[in-house]
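For reference, work_7.cif (mmCIF, C-alpha atoms):
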data_query
#
loop_
_atom_site.group_PDB
_atom_site.id
_atom_site.type_symbol
_atom_site.label_atom_id
_atom_site.label_comp_id
_atom_site.auth_asym_id
_atom_site.auth_seq_id
_atom_site.Cartn_x
_atom_site.Cartn_y
_atom_site.Cartn_z
ATOM 1 C CA MET A 1 6.456 -0.936 -28.633
ATOM 2 C CA THR A 2 4.662 -4.212 -29.294
ATOM 3 C CA THR A 3 5.586 -7.401 -31.134
ATOM 4 C CA ASN A 4 3.793 -10.581 -32.042
ATOM 5 C CA ASN A 5 4.523 -11.533 -28.434
ATOM 6 C CA GLY A 6 2.748 -8.486 -27.011
ATOM 7 C CA VAL A 7 4.430 -5.492 -25.357
ATOM 8 C CA LEU A 8 8.214 -5.503 -24.986
ATOM 9 C CA VAL A 9 8.609 -5.018 -21.237
ATOM 10 C CA SER A 10 11.499 -5.301 -18.795
ATOM 11 C CA VAL A 11 11.094 -5.948 -15.082
ATOM 12 C CA LEU A 12 13.873 -4.804 -12.757
ATOM 13 C CA GLY A 13 13.730 -6.666 -9.469
ATOM 14 C CA VAL A 14 12.198 -10.124 -9.300
ATOM 15 C CA GLY A 15 11.861 -10.834 -5.638
ATOM 16 C CA ALA A 16 8.566 -12.340 -4.500
ATOM 17 C CA MET A 17 6.435 -9.456 -5.817
ATOM 18 C CA GLY A 18 8.498 -8.730 -8.914
ATOM 19 C CA SER A 19 8.380 -12.400 -9.871
ATOM 20 C CA ALA A 20 4.598 -12.417 -9.561
ATOM 21 C CA LEU A 21 4.301 -9.319 -11.748
ATOM 22 C CA ALA A 22 6.702 -10.645 -14.377
ATOM 23 C CA GLY A 23 5.072 -14.074 -14.336
ATOM 24 C CA ALA A 24 1.674 -12.533 -15.100
ATOM 25 C CA LEU A 25 3.178 -10.674 -18.060
ATOM 26 C CA VAL A 26 4.827 -13.802 -19.441
ATOM 27 C CA LYS A 27 1.630 -15.798 -19.023
ATOM 28 C CA ALA A 28 -0.274 -13.142 -20.995
ATOM 29 C CA GLY A 29 2.179 -13.408 -23.881
ATOM 30 C CA HIS A 30 4.245 -10.264 -23.387
ATOM 31 C CA ALA A 31 7.924 -10.467 -24.370
ATOM 32 C CA THR A 32 9.349 -10.007 -20.877
ATOM 33 C CA THR A 33 12.975 -9.409 -19.941
ATOM 34 C CA VAL A 34 13.907 -9.776 -16.278
ATOM 35 C CA TRP A 35 16.865 -8.630 -14.202
ATOM 36 C CA ASN A 36 17.716 -9.083 -10.543
ATOM 37 C CA ARG A 37 20.780 -8.381 -8.416
ATOM 38 C CA SER A 38 20.811 -12.049 -7.411
ATOM 39 C CA PRO A 39 20.780 -13.764 -10.828
ATOM 40 C CA GLY A 40 19.412 -17.067 -9.543
ATOM 41 C CA LYS A 41 16.028 -15.492 -8.851
ATOM 42 C CA VAL A 42 15.338 -15.150 -12.587
ATOM 43 C CA ASP A 43 15.670 -18.882 -13.305
ATOM 44 C CA GLU A 44 12.046 -19.843 -12.687
ATOM 45 C CA LEU A 45 10.821 -16.983 -14.853
ATOM 46 C CA VAL A 46 13.144 -18.056 -17.653
ATOM 47 C CA THR A 47 11.610 -21.529 -17.565
ATOM 48 C CA GLN A 48 8.227 -19.836 -17.995
ATOM 49 C CA GLY A 49 9.424 -17.954 -21.079
ATOM 50 C CA ALA A 50 11.066 -14.766 -19.835
ATOM 51 C CA GLN A 51 14.450 -13.589 -21.081
ATOM 52 C CA ALA A 52 17.179 -12.944 -18.523
ATOM 53 C CA ALA A 53 19.318 -9.804 -18.780
ATOM 54 C CA ALA A 54 22.864 -9.850 -17.453
ATOM 55 C CA THR A 55 22.672 -6.223 -16.304
ATOM 56 C CA ALA A 56 19.999 -3.659 -15.533
ATOM 57 C CA GLY A 57 21.272 -1.681 -18.511
ATOM 58 C CA ASP A 58 20.742 -4.644 -20.814
ATOM 59 C CA ALA A 59 17.190 -4.969 -19.534
ATOM 60 C CA VAL A 60 16.450 -1.277 -20.068
ATOM 61 C CA ARG A 61 17.820 -1.304 -23.601
ATOM 62 C CA THR A 62 15.619 -4.268 -24.483
ATOM 63 C CA SER A 63 12.251 -2.601 -23.913
ATOM 64 C CA ARG A 64 10.418 0.694 -24.191
ATOM 65 C CA LEU A 65 8.470 -0.127 -21.009
ATOM 66 C CA VAL A 66 10.446 -0.664 -17.796
ATOM 67 C CA ILE A 67 8.888 -1.881 -14.541
ATOM 68 C CA ALA A 68 10.858 -1.221 -11.339
ATOM 69 C CA CYS A 69 9.997 -3.393 -8.335
ATOM 70 C CA LEU A 70 12.975 -2.881 -6.068
ATOM 71 C CA LEU A 71 13.658 -2.789 -2.343
ATOM 72 C CA ASP A 72 13.179 0.905 -1.625
ATOM 73 C CA HIS A 73 13.601 4.474 -2.878
ATOM 74 C CA ALA A 74 17.390 4.368 -2.522
ATOM 75 C CA SER A 75 17.537 1.148 -4.546
ATOM 76 C CA VAL A 76 15.612 2.764 -7.407
ATOM 77 C CA HIS A 77 18.175 5.542 -7.631
ATOM 78 C CA GLU A 78 21.092 3.146 -7.187
ATOM 79 C CA VAL A 79 19.914 1.047 -10.125
ATOM 80 C CA LEU A 80 18.495 3.738 -12.412
ATOM 81 C CA ASP A 81 20.682 6.820 -11.893
ATOM 82 C CA PRO A 82 23.530 5.351 -13.980
ATOM 83 C CA LEU A 83 20.981 4.514 -16.692
ATOM 84 C CA SER A 84 19.253 7.889 -17.000
ATOM 85 C CA ASP A 85 20.559 8.386 -20.549
ATOM 86 C CA GLU A 86 19.429 4.888 -21.527
ATOM 87 C CA LEU A 87 15.982 5.528 -20.020
ATOM 88 C CA ALA A 88 15.426 8.784 -21.907
ATOM 89 C CA GLY A 89 12.465 8.398 -24.235
ATOM 90 C CA ARG A 90 11.273 5.261 -22.468
ATOM 91 C CA THR A 91 8.486 4.657 -19.962
ATOM 92 C CA LEU A 92 9.083 3.791 -16.307
ATOM 93 C CA VAL A 93 6.397 2.298 -14.071
ATOM 94 C CA ASN A 94 7.728 2.244 -10.525
ATOM 95 C CA VAL A 95 5.883 -0.064 -8.125
ATOM 96 C CA THR A 96 8.570 0.043 -5.442
ATOM 97 C CA THR A 97 7.109 1.052 -2.069
ATOM 98 C CA THR A 98 8.055 4.690 -1.416
ATOM 99 C CA THR A 99 6.696 7.606 0.562
ATOM 100 C CA PRO A 100 4.624 10.246 -1.273
ATOM 101 C CA ALA A 101 7.558 12.684 -1.128
ATOM 102 C CA GLN A 102 9.905 10.046 -2.544
ATOM 103 C CA SER A 103 7.440 9.230 -5.327
ATOM 104 C CA ARG A 104 7.193 12.905 -6.265
ATOM 105 C CA GLU A 105 10.977 13.165 -6.240
ATOM 106 C CA LEU A 106 11.230 10.192 -8.595
ATOM 107 C CA ALA A 107 8.605 11.723 -10.880
ATOM 108 C CA ALA A 108 10.659 14.934 -11.026
ATOM 109 C CA TRP A 109 13.841 12.921 -11.634
ATOM 110 C CA ALA A 110 12.153 11.065 -14.478
ATOM 111 C CA ALA A 111 10.851 14.271 -16.038
ATOM 112 C CA HIS A 112 14.349 15.765 -15.966
ATOM 113 C CA ALA A 113 15.716 12.621 -17.616
ATOM 114 C CA GLY A 114 13.032 12.639 -20.320
ATOM 115 C CA VAL A 115 11.334 9.518 -18.979
ATOM 116 C CA ALA A 116 7.537 9.077 -18.932
ATOM 117 C CA TYR A 117 6.717 8.127 -15.340
ATOM 118 C CA LEU A 118 3.896 6.308 -13.572
ATOM 119 C CA ASP A 119 4.021 5.480 -9.866
ATOM 120 C CA GLY A 120 2.206 2.454 -8.471
ATOM 121 C CA GLY A 121 1.167 1.161 -5.068
ATOM 122 C CA ILE A 122 0.406 -2.558 -4.883
ATOM 123 C CA MET A 123 -2.470 -3.459 -2.569
ATOM 124 C CA ALA A 124 -1.853 -7.197 -2.676
ATOM 125 C CA VAL A 125 0.543 -9.901 -1.594
ATOM 126 C CA PRO A 126 2.382 -11.821 -4.348
ATOM 127 C CA HIS A 127 0.002 -14.788 -4.621
ATOM 128 C CA MET A 128 -2.915 -12.375 -5.204
ATOM 129 C CA ILE A 129 -1.405 -10.873 -8.373
ATOM 130 C CA GLY A 130 -3.667 -11.611 -11.327
ATOM 131 C CA GLN A 131 -6.610 -12.364 -9.037
ATOM 132 C CA PRO A 132 -9.767 -10.222 -8.660
ATOM 133 C CA ALA A 133 -8.877 -9.204 -5.104
ATOM 134 C CA ALA A 134 -5.601 -7.563 -6.147
ATOM 135 C CA SER A 135 -5.665 -3.794 -6.495
ATOM 136 C CA ILE A 136 -2.937 -1.554 -7.907
ATOM 137 C CA LEU A 137 -3.066 2.211 -7.359
ATOM 138 C CA TYR A 138 -1.434 4.573 -9.853
ATOM 139 C CA SER A 139 -0.573 8.246 -10.184
ATOM 140 C CA GLY A 140 1.640 10.224 -12.523
ATOM 141 C CA SER A 141 1.388 10.271 -16.300
ATOM 142 C CA ALA A 142 -2.182 9.811 -17.526
ATOM 143 C CA ASP A 143 -0.833 9.013 -20.992
ATOM 144 C CA VAL A 144 1.227 6.125 -19.618
ATOM 145 C CA PHE A 145 -1.687 4.807 -17.585
ATOM 146 C CA ASN A 146 -4.057 4.897 -20.551
ATOM 147 C CA GLN A 147 -1.568 3.475 -23.027
ATOM 148 C CA TYR A 148 -0.606 0.512 -20.870
ATOM 149 C CA ARG A 149 -3.890 -0.027 -19.034
ATOM 150 C CA PRO A 150 -4.515 -3.487 -20.596
ATOM 151 C CA LEU A 151 -1.106 -4.642 -19.380
ATOM 152 C CA LEU A 152 -1.514 -3.108 -15.912
ATOM 153 C CA ASP A 153 -4.911 -4.771 -15.557
ATOM 154 C CA LEU A 154 -3.220 -8.166 -15.785
ATOM 155 C CA TRP A 155 -2.000 -7.650 -12.224
ATOM 156 C CA GLY A 156 -5.251 -6.559 -10.604
ATOM 157 C CA THR A 157 -7.827 -3.792 -10.569
ATOM 158 C CA SER A 158 -6.094 -0.606 -11.745
ATOM 159 C CA THR A 159 -7.120 2.734 -10.235
ATOM 160 C CA TYR A 160 -5.690 6.075 -11.386
ATOM 161 C CA PHE A 161 -5.551 9.009 -8.950
ATOM 162 C CA GLY A 162 -4.202 11.806 -11.134
ATOM 163 C CA GLU A 163 -1.029 13.504 -12.303
ATOM 164 C CA ASP A 164 0.425 14.026 -8.796
ATOM 165 C CA GLY A 165 3.037 11.278 -8.639
ATOM 166 C CA GLY A 166 2.705 10.967 -4.861
ATOM 167 C CA LEU A 167 -1.020 10.220 -4.609
ATOM 168 C CA ALA A 168 -0.791 6.477 -5.266
ATOM 169 C CA SER A 169 1.818 6.130 -2.538
ATOM 170 C CA LEU A 170 -0.273 8.265 -0.174
ATOM 171 C CA TYR A 171 -3.334 6.054 -0.640
ATOM 172 C CA ASP A 172 -1.186 2.919 -0.435
ATOM 173 C CA LEU A 173 0.392 3.840 2.900
ATOM 174 C CA ALA A 174 -2.862 5.221 4.334
ATOM 175 C CA LEU A 175 -4.611 1.931 3.587
ATOM 176 C CA LEU A 176 -1.704 -0.011 5.073
ATOM 177 C CA ALA A 177 -1.972 2.119 8.228
ATOM 178 C CA GLY A 178 -5.526 0.875 8.709
ATOM 179 C CA MET A 179 -4.491 -2.694 8.005
ATOM 180 C CA TYR A 180 -1.567 -2.803 10.429
ATOM 181 C CA VAL A 181 -3.498 -1.197 13.278
ATOM 182 C CA MET A 182 -6.312 -3.706 12.692
ATOM 183 C CA PHE A 183 -3.820 -6.583 12.727
ATOM 184 C CA ALA A 184 -2.314 -5.263 15.963
ATOM 185 C CA GLY A 185 -5.796 -5.081 17.506
ATOM 186 C CA PHE A 186 -6.481 -8.690 16.531
ATOM 187 C CA MET A 187 -3.170 -9.805 18.062
ATOM 188 C CA HIS A 188 -3.919 -7.870 21.244
ATOM 189 C CA GLY A 189 -7.232 -9.711 21.517
ATOM 190 C CA ALA A 190 -5.566 -13.066 20.868
ATOM 191 C CA ALA A 191 -3.038 -12.287 23.606
ATOM 192 C CA MET A 192 -5.853 -11.374 26.011
ATOM 193 C CA VAL A 193 -7.655 -14.691 25.691
ATOM 194 C CA ALA A 194 -4.538 -16.874 25.541
ATOM 195 C CA PRO A 195 -4.119 -17.165 29.357
ATOM 196 C CA ALA A 196 -7.648 -18.600 29.449
ATOM 197 C CA GLY A 197 -6.535 -21.429 27.175
ATOM 198 C CA VAL A 198 -8.094 -20.005 24.004
ATOM 199 C CA THR A 199 -5.993 -20.584 20.903
ATOM 200 C CA ALA A 200 -5.341 -17.846 18.348
ATOM 201 C CA GLY A 201 -7.242 -19.964 15.835
ATOM 202 C CA GLU A 202 -10.312 -20.129 18.040
ATOM 203 C CA PHE A 203 -10.167 -16.394 18.604
ATOM 204 C CA ALA A 204 -9.733 -15.714 14.872
ATOM 205 C CA ALA A 205 -12.941 -17.613 14.138
ATOM 206 C CA LYS A 206 -14.807 -15.110 16.316
ATOM 207 C CA ALA A 207 -12.789 -12.020 15.390
ATOM 208 C CA ALA A 208 -13.013 -12.252 11.597
ATOM 209 C CA PRO A 209 -16.813 -11.918 11.243
ATOM 210 C CA TRP A 210 -16.973 -9.302 14.001
ATOM 211 C CA LEU A 211 -14.273 -7.079 12.474
ATOM 212 C CA THR A 212 -15.739 -7.557 8.996
ATOM 213 C CA ALA A 213 -19.117 -6.374 10.263
ATOM 214 C CA MET A 214 -17.516 -3.366 11.941
ATOM 215 C CA THR A 215 -16.016 -2.124 8.673
ATOM 216 C CA GLY A 216 -19.589 -1.199 7.785
ATOM 217 C CA SER A 217 -19.164 1.709 10.217
ATOM 218 C CA PHE A 218 -16.482 3.366 8.073
ATOM 219 C CA GLN A 219 -18.924 5.231 5.855
ATOM 220 C CA GLY A 220 -20.852 6.546 8.835
ATOM 221 C CA PHE A 221 -17.671 7.836 10.444
ATOM 222 C CA ALA A 222 -16.660 9.355 7.099
ATOM 223 C CA THR A 223 -19.960 11.214 6.801
ATOM 224 C CA VAL A 224 -19.512 12.728 10.252
ATOM 225 C CA ILE A 225 -15.861 13.629 9.621
ATOM 226 C CA ASP A 226 -16.575 15.210 6.243
ATOM 227 C CA GLY A 227 -19.471 17.149 7.771
ATOM 228 C CA GLY A 228 -17.241 18.398 10.584
ATOM 229 C CA ASP A 229 -20.022 18.082 13.191
ATOM 230 C CA TYR A 230 -19.289 15.528 15.900
ATOM 231 C CA THR A 231 -22.492 16.367 17.796
ATOM 232 C CA VAL A 232 -24.951 14.823 15.332
ATOM 233 C CA GLU A 233 -27.285 12.244 16.854
ATOM 234 C CA GLY A 234 -26.680 8.518 16.683
ATOM 235 C CA GLN A 235 -23.006 8.537 17.600
ATOM 236 C CA GLN A 236 -21.293 6.720 20.447
ATOM 237 C CA SER A 237 -19.866 9.433 22.686
ATOM 238 C CA LEU A 238 -16.231 9.732 23.652
ATOM 239 C CA GLN A 239 -17.187 9.394 27.332
ATOM 240 C CA PHE A 240 -18.948 6.096 26.569
ATOM 241 C CA SER A 241 -15.938 4.980 24.501
ATOM 242 C CA ASN A 242 -13.591 5.178 27.512
ATOM 243 C CA LEU A 243 -11.389 2.071 27.363
ATOM 244 C CA SER A 244 -10.380 1.888 31.029
ATOM 245 C CA ASP A 245 -12.052 -1.507 31.554
ATOM 246 C CA LEU A 246 -10.302 -2.904 28.497
ATOM 247 C CA LEU A 247 -6.957 -1.633 29.790
ATOM 248 C CA THR A 248 -7.598 -3.095 33.251
ATOM 249 C CA ALA A 249 -8.600 -6.473 31.813
ATOM 250 C CA SER A 250 -5.494 -6.525 29.633
ATOM 251 C CA SER A 251 -3.269 -5.792 32.616
ATOM 252 C CA ASP A 252 -5.057 -8.470 34.642
ATOM 253 C CA GLN A 253 -4.211 -10.941 31.862
ATOM 254 C CA GLY A 254 -0.564 -9.956 32.171
ATOM 255 C CA ILE A 255 -0.185 -8.545 28.668
ATOM 256 C CA SER A 256 1.027 -5.256 27.224
ATOM 257 C CA THR A 257 -1.534 -2.475 26.957
ATOM 258 C CA GLU A 258 0.327 -0.457 24.284
ATOM 259 C CA VAL A 259 -2.137 -1.080 21.453
ATOM 260 C CA VAL A 260 -5.198 -0.047 23.456
ATOM 261 C CA THR A 261 -3.406 2.758 25.295
ATOM 262 C CA MET A 262 -2.783 4.435 21.939
ATOM 263 C CA VAL A 263 -6.533 4.628 21.265
ATOM 264 C CA GLN A 264 -7.345 5.630 24.840
ATOM 265 C CA GLN A 265 -4.910 8.534 24.625
ATOM 266 C CA LEU A 266 -6.588 9.821 21.448
ATOM 267 C CA ILE A 267 -9.971 9.630 23.193
ATOM 268 C CA GLN A 268 -8.729 11.248 26.393
ATOM 269 C CA ARG A 269 -7.189 14.230 24.604
ATOM 270 C CA GLN A 270 -10.602 15.128 23.185
ATOM 271 C CA ILE A 271 -12.358 14.545 26.507
ATOM 272 C CA ASP A 272 -9.806 16.778 28.253
ATOM 273 C CA ALA A 273 -10.516 19.449 25.638
ATOM 274 C CA GLY A 274 -14.195 19.406 26.632
ATOM 275 C CA HIS A 275 -15.621 17.204 23.885
ATOM 276 C CA GLY A 276 -16.595 14.150 25.937
ATOM 277 C CA GLU A 277 -20.244 14.232 24.847
ATOM 278 C CA GLU A 278 -19.325 14.318 21.162
ATOM 279 C CA GLY A 279 -18.922 11.294 18.916
ATOM 280 C CA PHE A 280 -16.044 8.824 18.777
ATOM 281 C CA ALA A 281 -15.137 9.989 15.256
ATOM 282 C CA ARG A 282 -13.721 13.124 16.863
ATOM 283 C CA ILE A 283 -10.499 11.257 17.698
ATOM 284 C CA ILE A 284 -9.441 12.105 14.142
ATOM 285 C CA GLU A 285 -8.834 15.615 15.491
ATOM 286 C CA SER A 286 -6.302 14.168 17.932
ATOM 287 C CA ILE A 287 -4.595 12.437 15.004
ATOM 288 C CA LYS A 288 -4.616 15.546 12.793
ATOM 289 C CA GLN A 289 -3.119 17.658 15.592
ATOM 290 C CA PRO A 290 -0.441 15.616 17.376
ATOM 291 C CA GLY A 291 -0.224 16.310 21.075
#
Take the structure in the file and write it out as structure tokens.
Amino acid sequence: MTTNNGVLVSVLGVGAMGSALAGALVKAGHATTVWNRSPGKVDELVTQGAQAAATAGDAVRTSRLVIACLLDHASVHEVLDPLSDELAGRTLVNVTTTTPAQSRELAAWAAHAGVAYLDGGIMAVPHMIGQPAASILYSGSADVFNQYRPLLDLWGTSTYFGEDGGLASLYDLALLAGMYVMFAGFMHGAAMVAPAGVTAGEFAAKAAPWLTAMTGSFQGFATVIDGGDYTVEGQQSLQFSNLSDLLTASSDQGISTEVVTMVQQLIQRQIDAGHGEEGFARIIESIKQPG
């Protein structure tokens, strides 16, 4: 449903991320109703032009489009289960972080309740919402995605992965896995140089361009992995990738070796299996088949 003030939309949950999402909608002229467990969090949005709802039920009844940005999977059920009858015939876009299995469960729950469902994974921090670098991943109802695409695009680049409600969450968490391991690697490096009097800021100035350049290797690794042949020429071998010196240097600096040990163990499992001369990308086989 639309009005002279754009789409009638309700946002359930206006913490840091929910507030950013709702604020973008208000700024674009959509009639936006907001609800939060802690009522005070809606005040700033009200000053921007949003309408505050006293209860989640009031918010749902106000709009045909409901956005859920809550704490977790359990919170979504806690808030929405009592409102399943109210939600029937409406559209729910859930951008709460959930696992793929939880997203699929919510999609099934919505279908049973007669609710059109779209699941979203937000690849951004709150201040990025509405900026070109923000990316939102979606899966679930294609009709919902296509109908509300102009509104969804207000938050960032929208990408649709198909009818499987769990795919957006799967991509979301897979991308976060890469991010967190990269962050941990940076912090390990910063800890290594700290005893030498090097600040984290000084190290970051060197690490950022180096790590950015190394992301160019992703496509090469992907080509090898998709081809399934870890013996093709031009790869760094697992034997050459041995991280013993890095582990020794870390210990000599008096820091934990946990981050690097994790990678070394993946390498060593493949070497022990007789693949030492094959390429580094083969460690994905250690990840696919837990030891």
| Of the candidates A:Asp85, A:Asp272, A:Glu277, A:Asp164, which shows the shortest atom-to-atom distance to Glu105 of chain A, using all atoms listed in the file? | A:Asp164
Centre, x/y/z edge lengths, axis-aligned box for segment 263-282 of chain A with 8 Å per side, as JSON:
{"center_x": -12.6, "center_y": 12.0, "center_z": 21.8, "size_x": 31.3, "size_y": 30.8, "size_z": 29.0}
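Among A:Gln235, A:Met187, A:Gln289, A:Ser244, the residue with the shortest atom-to-atom distance to Val259 of chain A, counting only C-alpha atoms, is A:Met187.
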Which residues match the PyMOL selection byres ((chain A and resi 23) around 12) in the file above, as a PDB file with C-alpha atoms, in the frame of the given file?
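As a result, result_28.pdb now contains:
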ATOM      1  CA  VAL A   9       8.609  -5.018 -21.237  1.00  0.00           C
ATOM      2  CA  SER A  10      11.499  -5.301 -18.795  1.00  0.00           C
ATOM      3  CA  VAL A  11      11.094  -5.948 -15.082  1.00  0.00           C
ATOM      4  CA  VAL A  14      12.198 -10.124  -9.300  1.00  0.00           C
ATOM      5  CA  GLY A  15      11.861 -10.834  -5.638  1.00  0.00           C
ATOM      6  CA  ALA A  16       8.566 -12.340  -4.500  1.00  0.00           C
ATOM      7  CA  MET A  17       6.435  -9.456  -5.817  1.00  0.00           C
ATOM      8  CA  GLY A  18       8.498  -8.730  -8.914  1.00  0.00           C
ATOM      9  CA  SER A  19       8.380 -12.400  -9.871  1.00  0.00           C
ATOM     10  CA  ALA A  20       4.598 -12.417  -9.561  1.00  0.00           C
ATOM     11  CA  LEU A  21       4.301  -9.319 -11.748  1.00  0.00           C
ATOM     12  CA  ALA A  22       6.702 -10.645 -14.377  1.00  0.00           C
ATOM     13  CA  ALA A  24       1.674 -12.533 -15.100  1.00  0.00           C
ATOM     14  CA  LEU A  25       3.178 -10.674 -18.060  1.00  0.00           C
ATOM     15  CA  VAL A  26       4.827 -13.802 -19.441  1.00  0.00           C
ATOM     16  CA  LYS A  27       1.630 -15.798 -19.023  1.00  0.00           C
ATOM     17  CA  ALA A  28      -0.274 -13.142 -20.995  1.00  0.00           C
ATOM     18  CA  GLY A  29       2.179 -13.408 -23.881  1.00  0.00           C
ATOM     19  CA  HIS A  30       4.245 -10.264 -23.387  1.00  0.00           C
ATOM     20  CA  ALA A  31       7.924 -10.467 -24.370  1.00  0.00           C
ATOM     21  CA  THR A  32       9.349 -10.007 -20.877  1.00  0.00           C
ATOM     22  CA  THR A  33      12.975  -9.409 -19.941  1.00  0.00           C
ATOM     23  CA  VAL A  34      13.907  -9.776 -16.278  1.00  0.00           C
ATOM     24  CA  VAL A  42      15.338 -15.150 -12.587  1.00  0.00           C
ATOM     25  CA  ASP A  43      15.670 -18.882 -13.305  1.00  0.00           C
ATOM     26  CA  GLU A  44      12.046 -19.843 -12.687  1.00  0.00           C
ATOM     27  CA  LEU A  45      10.821 -16.983 -14.853  1.00  0.00           C
ATOM     28  CA  VAL A  46      13.144 -18.056 -17.653  1.00  0.00           C
ATOM     29  CA  THR A  47      11.610 -21.529 -17.565  1.00  0.00           C
ATOM     30  CA  GLN A  48       8.227 -19.836 -17.995  1.00  0.00           C
ATOM     31  CA  GLY A  49       9.424 -17.954 -21.079  1.00  0.00           C
ATOM     32  CA  ALA A  50      11.066 -14.766 -19.835  1.00  0.00           C
ATOM     33  CA  GLN A  51      14.450 -13.589 -21.081  1.00  0.00           C
ATOM     34  CA  PRO A 126       2.382 -11.821  -4.348  1.00  0.00           C
ATOM     35  CA  HIS A 127       0.002 -14.788  -4.621  1.00  0.00           C
ATOM     36  CA  ILE A 129      -1.405 -10.873  -8.373  1.00  0.00           C
ATOM     37  CA  GLY A 130      -3.667 -11.611 -11.327  1.00  0.00           C
ATOM     38  CA  LEU A 154      -3.220  -8.166 -15.785  1.00  0.00           C
ATOM     39  CA  TRP A 155      -2.000  -7.650 -12.224  1.00  0.00           C
TER      40      TRP A 155
END
| field | Nearby residues, (-1.0, -14.0, 18.0) file frame, 8 Å, all atoms listed in the file, as a PyMOL selection string | value | chain A and resi 186-188+190-191+200
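Each of A:Thr91, A:Thr97, A:Gln102, A:Thr248 was checked against Gly114 of chain A using only C-alpha atoms; the smallest atom-to-atom distance is that of A:Thr91.
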| query | atom CA of Thr159 of chain A and atom CA of His112 of chain A, how far apart in Å? | reply |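 About the pair atom CA of His112 of chain A and atom CA of Thr159 of chain A: they are 25.8 Å apart.
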| task | Select, from A:Val125, A:Ala107, A:Val93, A:Leu12, the residue with the minimum atom-to-atom distance to Leu70 of chain A, counting all atoms listed in the file. | result | A:Leu12
| said: Here's the selection I'm unsure about, the PyMOL selection byres ((chain A and resi 77) around 12); applied to the file above, which residues does it give, as a PyMOL selection string? | reply: chain A and resi 68+70-76+78-84+94+96+98+102-103+105-107+109-110
Please complete segment 232-236 of chain A so it has all heavy atoms, and hand it over as a PDB file, keeping the file's coordinate frame.
ATOM      1  N   VAL A 232     -23.734  15.359  15.944  1.00  0.00           N
ATOM      2  CA  VAL A 232     -24.951  14.823  15.332  1.00  0.00           C
ATOM      3  C   VAL A 232     -25.405  13.583  16.093  1.00  0.00           C
ATOM      4  O   VAL A 232     -24.587  12.850  16.656  1.00  0.00           O
ATOM      5  CB  VAL A 232     -24.734  14.492  13.840  1.00  0.00           C
ATOM      6  CG1 VAL A 232     -24.445  15.749  13.039  1.00  0.00           C
ATOM      7  CG2 VAL A 232     -23.622  13.469  13.663  1.00  0.00           C
ATOM      8  N   GLU A 233     -26.716  13.353  16.090  1.00  0.00           N
ATOM      9  CA  GLU A 233     -27.285  12.244  16.854  1.00  0.00           C
ATOM     10  C   GLU A 233     -26.868  10.897  16.272  1.00  0.00           C
ATOM     11  O   GLU A 233     -26.520  10.773  15.106  1.00  0.00           O
ATOM     12  CB  GLU A 233     -28.808  12.359  16.867  1.00  0.00           C
ATOM     13  CG  GLU A 233     -29.324  13.583  17.618  1.00  0.00           C
ATOM     14  CD  GLU A 233     -30.838  13.603  17.674  1.00  0.00           C
ATOM     15  OE1 GLU A 233     -31.461  12.653  17.150  1.00  0.00           O
ATOM     16  OE2 GLU A 233     -31.394  14.562  18.241  1.00  0.00           O
ATOM     17  N   GLY A 234     -26.944   9.881  17.132  1.00  0.00           N
ATOM     18  CA  GLY A 234     -26.680   8.518  16.683  1.00  0.00           C
ATOM     19  C   GLY A 234     -25.247   8.065  16.847  1.00  0.00           C
ATOM     20  O   GLY A 234     -24.904   6.941  16.466  1.00  0.00           O
ATOM     21  N   GLN A 235     -24.405   8.907  17.421  1.00  0.00           N
ATOM     22  CA  GLN A 235     -23.006   8.537  17.600  1.00  0.00           C
ATOM     23  C   GLN A 235     -22.746   8.026  19.015  1.00  0.00           C
ATOM     24  O   GLN A 235     -23.399   8.446  19.963  1.00  0.00           O
ATOM     25  CB  GLN A 235     -22.097   9.744  17.363  1.00  0.00           C
ATOM     26  CG  GLN A 235     -22.163  10.347  15.980  1.00  0.00           C
ATOM     27  CD  GLN A 235     -21.177  11.481  15.850  1.00  0.00           C
ATOM     28  OE1 GLN A 235     -19.980  11.269  15.735  1.00  0.00           O
ATOM     29  NE2 GLN A 235     -21.694  12.708  15.887  1.00  0.00           N
ATOM     30  N   GLN A 236     -21.757   7.137  19.128  1.00  0.00           N
ATOM     31  CA  GLN A 236     -21.293   6.720  20.447  1.00  0.00           C
ATOM     32  C   GLN A 236     -20.364   7.810  20.966  1.00  0.00           C
ATOM     33  O   GLN A 236     -19.416   8.202  20.295  1.00  0.00           O
ATOM     34  CB  GLN A 236     -20.539   5.387  20.351  1.00  0.00           C
ATOM     35  CG  GLN A 236     -19.965   4.914  21.678  1.00  0.00           C
ATOM     36  CD  GLN A 236     -19.386   3.524  21.565  1.00  0.00           C
ATOM     37  OE1 GLN A 236     -20.078   2.570  21.229  1.00  0.00           O
ATOM     38  NE2 GLN A 236     -18.089   3.395  21.840  1.00  0.00           N
TER      39      GLN A 236
END
